[in-house]
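Student: Structure incoming, see below.
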Amino acid sequence: MHMADALISPAVGGTLWAATAGLIGYSSRKVKQDMDDRRIPLMGVLGAFIFAAQMINFTIPGTGSSGHLGGGLILAILLGPAAAFLTLASVLTVQALFFADGGLLALGCNIFNLGFFPCFAAYPLFYKPIAGGRISQRRIVLGAILSAVLGLQLGALGVVFETFLSGISDLPFSTFLFLMQPIHLAVGIVEGLVTAAVVVFVWKARPEILEMTAASKPAGIPSFKKVLAGLLIAAAVTGGFISWFASTHPDGLEWSISRSTGKQEIDPPKKGLHRLLATLQEKTSFLPDYSFKISKNEETAGDAWPAVDSGTSLSGILGGALTLITLVLIGVLLKRRKKPHAQH
Amino acid sequence: MPSIESTFFDLGTMDAISRQDTFVHRMDPRIKVLTTLVFIVCVVSFGKHEISALVPFLVYPVFLVVFGDLPVAYLLRKVTVAAPFAVLIGIFNPLLDQQVLLQVGPVGISGGWISFFSILLRFMMTVGAALILIATTGYHAVCMALEKMGVPQIFVVQLLFLYRYLFVLVDEASRMVRARSLRSFQGKGLGIRVFGSMAGHLLLRTMDRAQRIHLAMLCRGFDGNIRPSHPLRVRGWEVMFLLGWSALFVFMRSYNGPRFLGNLIQGFIP
């Protein structure tokens, strides 16, 4: 469930980037503070382990499909939240850079969805109280399943919200929600079982490893107020940046806001967020010809994309095709000309 | 699992490509990271129905492919093979948004198809930009650039460590997978129970490895700090590279060149 650059708007991507950057800063400080230096190579090698473990598939009985380890939860169990978050962030960075999983702007979303929720929400809320103190096989299995399900549900919810707020996909919020949540319920249960299988094995073979993390000081959750304040500031900054673009061109974010506030099927909380973004845009735009009311008028005029006029669209196709052909031709020619040079 | 193994061998190919010696490769990594970020933000900031104005942005990847001497077919294959979540979600657009936005002769093209192609184009460009960044810069240099740009040192060290041991552990895991598949008949032994002890064994070995690495580091004078810094130097023309491209991106973001060109052509054809 990697988010992709192609589906998000700069406002959403930027906000989540800022939140993730803050979390990385927080976790780095935390790791530096309360960790012995043995953990530095351990974190690095465990990150590589997540990749390696993902190569080992297993069959899921009764379905004919196969699954593999996701990784967030097991890292949290072995390393504690802060170190696990850093490790998982590094795994996702490598995936974004080498495997084209998502993209660089969506990396913030991905680290938040797949790292923050399992490490800072599911692990301290479920796993630690259940299986952190007195360890038994049953406790490990129960804790792992509950926290994997919670982590993946929240992560999937994050994907739905980010996609919806970006407004690139046409999927209605509720449809997308009902598509994502049940799938990730199943994924979460499998992930919990797999994590439990590995943790139980480690606990039986080398119990001191688990006791080591259980004994280490709880890393704590960053205070909710701080996170919220950070998110708001990030939203304000990126909102301002976007309104600069949006003010000369009525498109993207503005259009999606006007569309979604115009439809009734949306729940009130999101309406509030949209309103917030809209007022932010209004407040931060500095070009005089910009007014949010214009898009309201357009919306009443028709549901269609504002700038549509078949004449200009056709010229768009013509010009676009021409530009494409020219660029590719130039590229091919230059590449050809370089070939003989390379052989010298 | 030949497929996933070969994607990991690809990692080595990328590494080799990034060690070429062109002026693009020699540039300061920070310049390339920043230019790539400006590029991506500009590309994704377009409205969902935009196609024509996106096309000129191809000039940046084409430029880097040509002057960085990158293998086009290889990069294209990598972009298309990557499991495209974007495509999976984007394919709903044509079903949901059926309002005709564009009339080409007798054929009406719905807004959904237009936005779907826009998503595909964005996907190609943004993912391509990330791959090209690695292919022209190399992983280590990107990490150095991140450190210089203020990313916490411990995270940069983590990134470097992960990459260093990735190859070793992937080899180990693929040997285990091969051994298991040679011993499992009719799907026996591929279930979760065997997986648990396999991954568990790998984990234990990984942790032992970490301990050995730590001891080796201590022998070499490790004191809790890692100093990954290499001197990086930005030259004047490289700043111009960043500023020039950024200006071009903002310009292409603000003016739809292809539409202008199309209008011009249509003006000539009565």
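So you can find residues: chains in the structure tokens are A, B, ... in the order shown, residues in each start at 1, and ligands are numbered from 1 in order.
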So that I can check the secondary structure, give me every residue of segment 15-127 of chain B assigned alpha helix (DSSP H) by backbone DSSP, as a PyMOL selection string.
Tutor: chain B and resi 15-17+23-26+29-44+59-67+72-81+85-90+92-96+111-127
Student: Could you tell me which residues of chain A sit within 6 Å of chain B when counting only C-alpha atoms, and give me the result as a PyMOL selection string?
Tutor: chain A and resi 4+6+9-10+37+41-42+44-45+47-48+52+58-59+90+97+100+103+168-170+197-198+201-202+251-252+310+315-316+318-320+331+335
Student: Could you write out, as a PyMOL selection string, all the residues of segment 27-268 of chain B that DSSP marks as strand (DSSP E)?
Tutor: chain B and resi 100-104+107-110
